[in-house]
Amino acid sequence: MMQKVLKVEGMTCQHCVQTVSETVGKMAGVQKVDVDLDRKEVTIEFDESQTKLNEVSAQIVEAGFEIVGN
Ligand SMILES: [Cu+2]
């Protein structure tokens, strides 16, 4: 199991938190998603053999948010 923290811009309210949580949470191999709205951080625990980090990032972007850095 792999844990990564993504910096995500564009999340402004609990609705955004829910959107990101649900979008990432339903991806294959994703064990846990924790969204910190204040820090603009999304912590993900996932199985790398099932899902790659860039696929997670792509889904978040698809949902209308922006990944900062990595
Ligand atoms: Cu929102």
# chains A, B, ... in the order shown; residues from 1 in each chain; ligands from 1
$ residues_around --residues "Lys40 in chain A" --least-positions-apart "5" --cutoff "8 Å" --atoms "only C-alpha atoms" --output "list in words"
Lys7, Val8, Glu9, Met11 and Val35 of chain A
$ residues_around --residues "Glu48 in chain A" --least-positions-apart "2" --cutoff "7 Å" --atoms "only C-alpha atoms" --output "VMD selection string"
chain A and resid 1 to 2 46 50 to 52
$ residues_around --residues "Thr23 in chain A" --least-positions-apart "5" --cutoff "8 Å" --atoms "only C-alpha atoms" --output "ChimeraX atom specification"
/A:59-60,63
$ closest_residue --among "A:Leu6, A:Cys16, A:Val68, A:Val24" --to "Val56 in chain A" --atoms "only C-alpha atoms"
A:Val24
$ closest_residue --among "A:Ala28, A:Ile44, A:Arg39, A:Val17" --to "Lys4 in chain A" --atoms "only C-alpha atoms"
A:Ile44
$ closest_residue --among "A:Glu22, A:Asp47, A:Glu41, A:Asp36" --to "Ile67 in chain A" --atoms "only C-alpha atoms"
A:Glu41
$ residues_near_ligand --ligand "ligand 1" --cutoff "9 Å" --atoms "only C-alpha atoms and all ligand atoms" --output "short mmCIF file (atom, residue, chain, number, x, y, z; two decimals) with C-alpha atoms, in the first residue's frame"
data_model
loop_
_atom_site.label_atom_id
_atom_site.label_comp_id
_atom_site.auth_asym_id
_atom_site.auth_seq_id
_atom_site.Cartn_x
_atom_site.Cartn_y
_atom_site.Cartn_z
CA GLY A 10 -9.82 24.82 -6.35
CA MET A 11 -11.51 23.10 -3.43
CA THR A 12 -13.57 25.72 -1.63
CA CYS A 13 -16.28 23.96 0.36
CA GLN A 14 -17.56 20.67 1.74
CA HIS A 15 -19.16 19.92 -1.59
CA CYS A 16 -15.75 20.01 -3.27
CA VAL A 17 -14.37 17.79 -0.53
CA GLN A 18 -17.14 15.31 -1.18
CA THR A 19 -16.63 15.42 -4.94
#
